[in-house]
Structures are given as structure tokens and as C-alpha cells.
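Visitor: Below is the file run-v4.cif, with mmCIF, C-alpha atoms.
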data_model
#
loop_
_atom_site.label_atom_id
_atom_site.label_comp_id
_atom_site.auth_asym_id
_atom_site.auth_seq_id
_atom_site.Cartn_x
_atom_site.Cartn_y
_atom_site.Cartn_z
CA MET A 1 109.87 90.85 118.98
CA PRO A 2 108.40 89.68 115.65
CA HIS A 3 105.76 91.87 114.06
CA ALA A 4 103.24 91.84 111.22
CA GLU A 5 102.50 94.76 108.92
CA LEU A 6 98.73 95.10 108.65
CA PRO A 7 96.46 97.65 106.99
CA GLN A 8 95.77 99.00 110.50
CA GLY A 9 99.47 99.31 111.43
CA THR A 10 102.27 97.25 112.93
CA LEU A 11 101.18 94.49 115.30
CA HIS A 12 103.86 92.89 117.46
CA TYR A 13 103.47 89.37 118.79
CA GLN A 14 105.19 86.66 120.80
CA GLN A 15 105.49 83.09 119.62
CA SER A 16 107.05 79.86 120.82
CA GLY A 17 106.80 76.15 120.12
CA THR A 18 105.84 74.18 117.05
CA GLY A 19 102.76 72.23 116.09
CA PRO A 20 99.10 73.15 115.60
CA PRO A 21 98.66 76.90 116.18
CA VAL A 22 97.00 78.32 119.26
CA VAL A 23 96.49 82.10 119.29
CA PHE A 24 95.79 83.87 122.57
CA LEU A 25 94.03 87.23 122.99
CA HIS A 26 94.40 89.32 126.15
CA GLY A 27 92.27 92.04 127.67
CA TYR A 28 92.14 95.79 128.23
CA LEU A 29 95.37 97.50 129.34
CA MET A 30 97.14 94.13 129.38
CA GLY A 31 99.79 92.49 127.25
CA ALA A 32 100.83 89.20 125.70
CA ARG A 33 102.90 88.00 128.65
CA LEU A 34 99.76 87.63 130.74
CA TRP A 35 99.39 84.26 129.00
CA ASP A 36 102.93 83.08 129.86
CA PRO A 37 101.94 80.43 132.47
CA VAL A 38 99.69 78.64 129.96
CA VAL A 39 102.03 79.14 126.99
CA ARG A 40 104.86 77.46 128.89
CA LEU A 41 102.64 74.42 129.46
CA LEU A 42 101.56 74.17 125.80
CA GLU A 43 104.59 75.19 123.75
CA ASP A 44 106.07 71.67 123.65
CA GLU A 45 103.06 70.52 121.62
CA PHE A 46 101.63 73.63 119.99
CA ARG A 47 102.76 76.77 118.22
CA CYS A 48 101.68 79.45 120.68
CA VAL A 49 101.17 82.94 119.25
CA VAL A 50 100.16 85.93 121.37
CA PRO A 51 99.61 89.26 119.60
CA GLU A 52 100.02 92.52 121.50
CA LEU A 53 96.53 93.86 120.87
CA PRO A 54 96.10 97.66 120.79
CA PHE A 55 94.57 97.70 124.24
CA GLY A 56 96.87 100.34 125.70
CA ALA A 57 100.02 98.35 126.48
CA HIS A 58 101.08 97.66 122.89
CA PRO A 59 104.66 98.46 121.80
CA ALA A 60 103.73 100.61 118.79
CA PRO A 61 100.63 102.61 117.93
CA MET A 62 98.27 101.72 115.13
CA LYS A 63 97.74 104.06 112.19
CA PRO A 64 95.68 107.11 113.20
CA GLY A 65 92.63 106.00 111.21
CA ALA A 66 92.60 102.36 112.37
CA ASP A 67 89.14 101.06 113.29
CA MET A 68 89.15 100.56 117.06
CA THR A 69 85.56 99.37 117.38
CA ALA A 70 84.77 95.77 118.27
CA ALA A 71 84.16 95.08 114.58
CA GLY A 72 87.48 96.68 113.69
CA LEU A 73 89.39 94.69 116.31
CA GLY A 74 87.90 91.48 114.95
CA ARG A 75 89.09 92.44 111.48
CA LEU A 76 92.53 93.28 112.95
CA VAL A 77 92.92 89.76 114.35
CA ALA A 78 91.66 88.21 111.11
CA ASP A 79 94.18 90.28 109.15
CA PHE A 80 96.90 89.20 111.56
CA LEU A 81 96.11 85.52 111.01
CA ASP A 82 96.31 86.16 107.27
CA ALA A 83 99.60 88.05 107.56
CA VAL A 84 101.36 85.33 109.55
CA ASP A 85 99.63 82.63 107.47
CA LEU A 86 98.10 80.63 110.31
CA SER A 87 95.38 78.11 109.48
CA ASP A 88 93.18 75.82 111.59
CA VAL A 89 93.85 78.08 114.55
CA THR A 90 92.53 77.43 118.02
CA LEU A 91 91.65 81.00 119.00
CA VAL A 92 91.58 81.69 122.75
CA GLY A 93 90.17 84.92 124.20
CA ASN A 94 90.08 86.23 127.76
CA ASP A 95 88.49 89.38 129.19
CA SER A 96 87.90 91.87 126.35
CA GLY A 97 89.94 89.53 124.17
CA ALA A 98 87.01 87.12 124.42
CA ALA A 99 84.76 89.72 122.80
CA VAL A 100 87.24 90.12 119.95
CA ALA A 101 87.45 86.33 119.57
CA GLN A 102 83.66 86.18 119.19
CA VAL A 103 83.80 88.75 116.39
CA VAL A 104 86.48 86.73 114.60
CA ALA A 105 84.48 83.50 114.92
CA ALA A 106 81.24 85.14 113.81
CA ARG A 107 82.53 87.34 110.97
CA HIS A 108 85.99 86.01 109.96
CA PRO A 109 86.12 82.27 110.73
CA ARG A 110 88.07 81.15 107.65
CA ARG A 111 91.34 80.46 109.46
CA LEU A 112 89.83 79.07 112.67
CA GLY A 113 89.73 75.43 113.63
CA ALA A 114 88.33 75.93 117.15
CA LEU A 115 87.28 78.64 119.57
CA VAL A 116 87.95 79.00 123.30
CA LEU A 117 86.23 81.74 125.28
CA ALA A 118 88.14 81.68 128.54
CA THR A 119 85.93 84.10 130.50
CA GLY A 120 85.15 87.55 129.18
CA ASP A 121 82.80 90.13 127.72
CA ALA A 122 79.63 88.97 125.98
CA PHE A 123 76.15 90.23 125.10
CA ASP A 124 75.43 93.57 126.83
CA ASN A 125 78.40 93.22 129.18
CA TYR A 126 81.00 94.98 127.00
CA PRO A 127 82.49 96.33 129.18
CA PRO A 128 81.13 95.29 132.58
CA THR A 129 79.27 98.03 134.45
CA PRO A 130 82.10 98.92 136.91
CA PHE A 131 84.32 99.89 133.96
CA ARG A 132 81.77 101.99 132.06
CA PRO A 133 83.04 105.28 133.58
CA LEU A 134 86.14 104.76 131.44
CA ILE A 135 83.99 105.36 128.35
CA ALA A 136 82.92 108.80 129.57
CA ALA A 137 86.51 109.58 130.53
CA ALA A 138 87.72 108.67 127.05
CA ARG A 139 85.03 110.76 125.36
CA THR A 140 85.88 113.79 127.52
CA ARG A 141 89.63 113.23 127.10
CA THR A 142 90.19 112.63 130.82
CA LEU A 143 91.22 108.97 130.50
CA THR A 144 94.94 109.57 131.05
CA PRO A 145 94.58 111.28 134.46
CA LEU A 146 92.31 108.44 135.54
CA LEU A 147 94.75 105.74 134.43
CA ALA A 148 97.62 107.58 136.13
CA LEU A 149 96.31 106.08 139.37
CA LEU A 150 97.62 102.72 138.15
CA LYS A 151 101.16 103.94 138.68
CA VAL A 152 100.45 103.46 142.39
CA ARG A 153 100.55 99.78 143.27
CA ARG A 154 97.98 100.07 146.03
CA ALA A 155 95.46 101.55 143.61
CA ARG A 156 95.83 98.56 141.30
CA SER A 157 94.18 96.34 143.87
CA LEU A 158 90.91 98.25 143.64
CA PRO A 159 87.97 96.33 142.16
CA THR A 160 87.80 98.82 139.28
CA ALA A 161 91.47 98.24 138.48
CA TYR A 162 93.09 94.79 138.51
CA GLY A 163 92.15 93.72 142.02
CA TRP A 164 89.21 91.44 141.24
CA LEU A 165 90.79 89.72 138.24
CA THR A 166 92.72 87.14 140.24
CA HIS A 167 92.76 85.27 143.55
CA GLY A 168 96.55 85.55 143.60
CA ASP A 169 99.00 88.39 143.95
CA LEU A 170 98.97 90.91 141.15
CA PRO A 171 101.87 90.55 138.66
CA HIS A 172 103.20 94.03 139.36
CA ASP A 173 106.22 93.52 137.10
CA LEU A 174 103.87 93.04 134.15
CA ILE A 175 101.51 95.84 135.18
CA ASP A 176 104.50 98.19 135.48
CA GLN A 177 105.32 97.39 131.84
CA TRP A 178 101.73 97.84 130.68
CA VAL A 179 101.32 101.20 132.40
CA ALA A 180 104.73 102.36 131.17
CA ALA A 181 103.83 101.46 127.58
CA TYR A 182 100.70 103.57 127.84
CA PHE A 183 102.44 106.64 129.24
CA THR A 184 105.51 106.37 127.00
CA ASP A 185 103.82 106.77 123.62
CA LYS A 186 101.28 109.41 122.63
CA GLY A 187 100.04 107.20 119.79
CA VAL A 188 99.36 104.32 122.18
CA ARG A 189 97.37 106.68 124.40
CA ARG A 190 95.41 107.83 121.33
CA ASP A 191 94.63 104.21 120.41
CA LEU A 192 93.31 103.36 123.86
CA ARG A 193 91.28 106.56 124.05
CA ARG A 194 89.63 105.83 120.71
CA LEU A 195 89.07 102.17 121.60
CA THR A 196 87.58 103.05 124.99
CA ALA A 197 85.32 105.73 123.54
CA ALA A 198 83.90 103.09 121.18
CA LEU A 199 83.07 100.61 123.96
CA GLY A 200 79.53 99.94 125.09
CA GLU A 201 78.40 98.39 121.81
CA ASP A 202 75.77 96.27 123.54
CA GLU A 203 73.56 95.73 120.49
CA PHE A 204 76.54 94.83 118.32
CA MET A 205 77.91 92.25 120.75
CA THR A 206 74.45 90.75 121.24
CA GLN A 207 74.18 90.43 117.46
CA ILE A 208 77.64 88.84 117.30
CA ALA A 209 76.54 86.28 119.89
CA ALA A 210 73.54 85.40 117.72
CA GLU A 211 75.79 85.03 114.67
CA LEU A 212 77.90 82.45 116.51
CA ALA A 213 75.14 79.98 115.63
CA ALA A 214 76.87 79.71 112.24
CA PHE A 215 80.24 78.77 113.78
CA THR A 216 80.08 74.98 113.54
CA LYS A 217 83.64 74.15 114.56
CA PRO A 218 84.47 72.96 118.09
CA ALA A 219 84.09 75.57 120.82
CA LEU A 220 84.88 75.62 124.51
CA LEU A 221 83.53 77.93 127.19
CA ALA A 222 86.24 77.69 129.88
CA TRP A 223 84.69 79.99 132.47
CA ALA A 224 85.95 81.10 135.87
CA ALA A 225 83.66 79.99 138.68
CA ASP A 226 84.46 82.97 140.91
CA ASP A 227 84.41 85.76 138.34
CA LYS A 228 83.23 89.14 139.60
CA PHE A 229 82.53 90.67 136.17
CA PHE A 230 81.61 87.93 133.70
CA PRO A 231 78.74 85.72 134.91
CA VAL A 232 78.75 81.99 134.22
CA GLU A 233 75.21 82.44 132.91
CA HIS A 234 76.70 84.19 129.89
CA ALA A 235 78.85 81.13 129.25
CA ARG A 236 75.74 78.93 129.39
CA ARG A 237 73.95 81.21 126.91
CA LEU A 238 76.92 81.16 124.52
CA ALA A 239 77.19 77.37 124.82
CA ALA A 240 73.52 77.10 123.85
CA ILE A 241 74.11 79.22 120.75
CA LEU A 242 77.29 77.59 119.46
CA PRO A 243 76.43 74.35 117.61
CA ASP A 244 79.42 72.33 118.88
CA ALA A 245 80.21 73.73 122.31
CA GLN A 246 81.11 72.44 125.72
CA LEU A 247 81.10 74.37 128.97
CA GLU A 248 83.79 73.82 131.61
CA VAL A 249 83.69 75.82 134.82
CA ILE A 250 87.15 76.47 136.25
CA THR A 251 86.96 76.41 140.03
CA GLY A 252 89.28 78.44 142.21
CA SER A 253 89.65 81.14 139.61
CA ARG A 254 88.60 84.66 138.79
CA THR A 255 88.93 86.27 135.35
CA TRP A 256 92.63 85.51 134.90
CA VAL A 257 92.20 81.76 134.54
CA MET A 258 95.70 81.59 133.03
CA ARG A 259 97.10 82.87 136.31
CA ASP A 260 94.80 81.33 138.91
CA GLN A 261 94.51 77.88 137.31
CA PRO A 262 97.14 77.57 134.54
CA GLN A 263 97.30 73.76 134.60
CA HIS A 264 93.56 73.29 134.29
CA THR A 265 93.27 76.02 131.67
CA ALA A 266 96.12 74.61 129.59
CA HIS A 267 94.65 71.10 129.81
CA LEU A 268 91.27 72.26 128.51
CA ILE A 269 92.81 74.26 125.65
CA ALA A 270 95.08 71.36 124.68
CA GLU A 271 92.18 68.90 124.56
CA LEU A 272 90.21 71.15 122.23
CA ALA A 273 93.23 71.97 120.06
CA ARG A 274 94.00 68.25 119.66
CA ARG A 275 90.42 67.59 118.66
CA ALA A 276 90.51 70.42 116.11
CA ALA A 277 93.78 69.11 114.67
CA ALA A 278 92.35 65.60 114.43
CA ASP A 279 89.22 66.91 112.70
CA GLN A 280 91.34 68.75 110.17
CA HIS A 281 93.49 65.67 109.54
CA ALA A 282 90.41 63.53 109.01
CA ALA A 283 89.02 66.09 106.56
#
Just give me the structure as C-alpha cells.
Guide:
Amino acid sequence: MPHAELPQGTLHYQQSGTGPPVVFLHGYLMGARLWDPVVRLLEDEFRCVVPELPFGAHPAPMKPGADMTAAGLGRLVADFLDAVDLSDVTLVGNDSGAAVAQVVAARHPRRLGALVLATGDAFDNYPPTPFRPLIAAARTRTLTPLLALLKVRRARSLPTAYGWLTHGDLPHDLIDQWVAAYFTDKGVRRDLRRLTAALGEDEFMTQIAAELAAFTKPALLAWAADDKFFPVEHARRLAAILPDAQLEVITGSRTWVMRDQPQHTAHLIAELARRAAADQHAA
């Protein structure tokens, strides 16, 4: 797997295809392959790049002092785009990856050509209320025993695990890999503990949303109609803040739009990425 050496540590990533770059960000205790159904639909036209964010399933730990706050994760992605020399990127974020994408667009937009928030954390919903006990667990160093429940496939279907993220069957082969990555490496566990302990930055994420008013490039809110954690009202509020935004509600989908509705999701991303590429060409 290719990797980039960043000030924060080694960041691995997957890539395929050629053409205008589309970078995908995944969520908490998930990995790059979550985006596979959409990547397969786009890689004939676009260069698809999916970093393994340090959200607990990453192949190698970050440096011990790496900033794992929302601000730090935004800087991490910006540094990654610099390291792999990607420009005019269509940045796509889902779940907690959508929060990181907002930070990049608000604070580090230099390499972006377009932004897609494909359902995820925003405003004071970082993380959603059902997942806030994880913060206390991380701060009291009891996160690992709690996450050990995910080794049991039945427990994964709970609403406070992966159960409400999709209408379909859970991708247990992927979840097995994510959980194994967490329990295999002490440094990875340290990263997720520090990241989780820093969650709940409601004022910061609300400020980031306000700062998106300065992001004038094309933006798309591709929001799941049936989401249990991320209300469509947040998508409407973000669309009202972003100067050049459109809102598309994806029916028949929960949070994992790339799994529940890959064709529709890929179509929406491709349309925006083509527009961004055309805008850059015209400039």
C-alpha cells in the first residue's frame, strides 16, 4: 500500500484510476475500503485516492505527539494533499470524515477544487449523542474493553455500533479487518484513545461551519434521507452557508451512502468533479 511521510507520521492510502483527483474520507473505526463500491464506479474517469485516516483501523500509528483534534485532523489531510501533490481536488467526506473535510475546506482550501459532504458530523453533532459515552471511556482509559464488544458480530448490529449506518447487511469482512487493526497495534489504540478523548468540540465545529462561508468553490451536500444520526436539517444549514452549494437528498440510504446507494452517490460526485475540472480548465 502506498504511503506518505507527514509531520504527524506515516499515512497509508489506496489509489486507483487516472484523471481529476477525488479524495475520499471515511469515518470513526472504519477504513479506506468502505468507499470501494463508489471508487469502482469512478476510477475509469477519476484518480480516486482514499487515505487510511487515524480513526482506529489505520495500518500504522501516528507519531505520539500528533494532533488528534478536529483541527489537527484537518491539517493532517491538508499535509497529505501537499505530500502527494494533488491539486484541484474534489474532497468527499462521510461520517466523521465529513467533519474533517469541513475543516480542510474552511482552514486549508488551497488544493481543493470542490467539496462533497456525503452525510456526517456538523455543528454541535460531533459526535452524535449516542456515541458520546465513547469520549468518557477514552478519558478514563476504558475504551478498549468497550470496543472489544465489536469482536462479536451480533454486537456490531447495535445502534451504538454499526447497525444503524446502513440498510444493508454489515460488511463483516471489512469490520473484522478494522477491529483487528485496532487490537493488533498499541500505537493505533493510543491514537484512537487520544482522538476520541478530544471529541465533543461543539463550539469549534460550529465555528468551522461559519467559516465555510469563505469557501466559494462548488460544494455538494449529498445527504442520506434515512440517516439516524445526521439530520438533513444540518445539510440544509450547511448549504445555506456555503456560497456555491447544492443539496441532494439520497433516498433509500442511511449514513453509508456509498454502500446503500453507490450508483446515485457516484453519479453526484462525478457531476460535481466534472464541473470543478471544467471550472479549473476555464480559469
Visitor: Write out as a VMD selection string each polymer residue whose atoms come within 10 Å of range 181-194 of chain A, counting all atoms listed in the file; drop sequence neighbours fewer than 3 positions from it.
Guide: chain A and resid 28 to 29 31 54 to 69 134 to 135 137 to 144 147 to 148 151 175 to 178 197 to 199
Visitor: Enclose the full set of atoms of range 201-212 of chain A listed in the file within a box whose edges lie along x, y and z, apply 6 Å of padding to each of the six sides, and report centre and edge lengths in Å to one decimal as lines of an AutoDock Vina configuration file.
Guide:
center_x = 76.0
center_y = 90.4
center_z = 119.1
size_x = 16.9
size_y = 27.9
size_z = 20.9
Visitor: Restricting the calculation to only C-alpha atoms: of A:Arg107, A:Arg254, A:Arg156, A:His267, which residue gets closest to Asp226 in chain A?
Guide: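 Result for the nearest residue to Asp226 in chain A: A:Arg254.
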Visitor: Going by the chain IDs and residue numbers used in this file, which residues fall under the PyMOL selection byres ((chain A and resi 118) around 7)? Write them as a list in words.
Guide: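 Selection result, ordered by chain and number: Val92, Gly93, Asn94, Ala98, Val116, Leu117, Thr119, Gly120, Leu221, Ala222 and Trp223 of chain A.
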Visitor: If the PyMOL selection byres ((chain A and resi 77) around 12) were run on this exact file, what residues would it hold? Put them as a ChimeraX atom specification.
Guide: /A:4,6-9,11-13,23-26,49-54,67-68,70-76,78-86,89,91-93,97-105,107-112
Visitor: Could you write out as an mmCIF file with C-alpha atoms, in the coordinates of the input the residues that the PyMOL selection byres ((chain A and resi 37) around 10) matches in the shown file?
Guide:
data_model
loop_
_atom_site.group_PDB
_atom_site.id
_atom_site.type_symbol
_atom_site.label_atom_id
_atom_site.label_comp_id
_atom_site.auth_asym_id
_atom_site.auth_seq_id
_atom_site.Cartn_x
_atom_site.Cartn_y
_atom_site.Cartn_z
ATOM 1 C CA ARG A 33 102.900 88.000 128.650
ATOM 2 C CA LEU A 34 99.760 87.630 130.740
ATOM 3 C CA TRP A 35 99.390 84.260 129.000
ATOM 4 C CA ASP A 36 102.930 83.080 129.860
ATOM 5 C CA VAL A 38 99.690 78.640 129.960
ATOM 6 C CA VAL A 39 102.030 79.140 126.990
ATOM 7 C CA ARG A 40 104.860 77.460 128.890
ATOM 8 C CA LEU A 41 102.640 74.420 129.460
ATOM 9 C CA LEU A 42 101.560 74.170 125.800
ATOM 10 C CA MET A 258 95.700 81.590 133.030
ATOM 11 C CA ARG A 259 97.100 82.870 136.310
ATOM 12 C CA ASP A 260 94.800 81.330 138.910
ATOM 13 C CA GLN A 261 94.510 77.880 137.310
ATOM 14 C CA PRO A 262 97.140 77.570 134.540
ATOM 15 C CA GLN A 263 97.300 73.760 134.600
ATOM 16 C CA THR A 265 93.270 76.020 131.670
ATOM 17 C CA ALA A 266 96.120 74.610 129.590
#
Visitor: Pick out the closest residue to Leu165 in chain A from this set: A:Arg132, A:Arg153, A:Arg47, A:Lys228. Count all atoms listed in the file.
Guide: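 Of A:Arg132, A:Arg153, A:Arg47, A:Lys228, the one nearest Leu165 in chain A is A:Lys228, counting all atoms listed in the file.
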Visitor: Rank A:Ala122, A:His3, A:Gly252, A:Gly17 by their smallest atom-to-atom distance to Arg236 in chain A, using only C-alpha atoms, and report the top residue only.
Guide: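 Ranking A:Ala122, A:His3, A:Gly252, A:Gly17 by distance to Arg236 in chain A, first place goes to A:Ala122.
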Visitor: Tell me which of A:Asp279, A:Ala106, A:Trp164, A:Val179 sits closest to Leu242 in chain A, counting only C-alpha atoms.
Guide: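 Among the listed residues, the smallest separation from Leu242 in chain A belongs to A:Ala106.
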Visitor: Please, what distance in Å, to one decimal, runs between CA of Ile208 in chain A and CA of Leu115 in chain A?
Guide: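 A separation of 14.2 Å between them.
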Visitor: Given all atoms listed in the file as the basis, pick out the residue of A:Met205, A:Ala270, A:Ala224, A:Ala239 nearest to Trp256 in chain A.
Guide: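 Under the stated criterion, the closest residue is A:Ala224.
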Visitor: What's around Arg154 in chain A at 12 Å? Count all atoms listed in the file, leave out sequence neighbours fewer than 5 positions away in its own chain, and write the answer as JSON, numbers by chain.
Guide: {"A": [149, 159, 161, 162, 163, 169, 170, 172]}
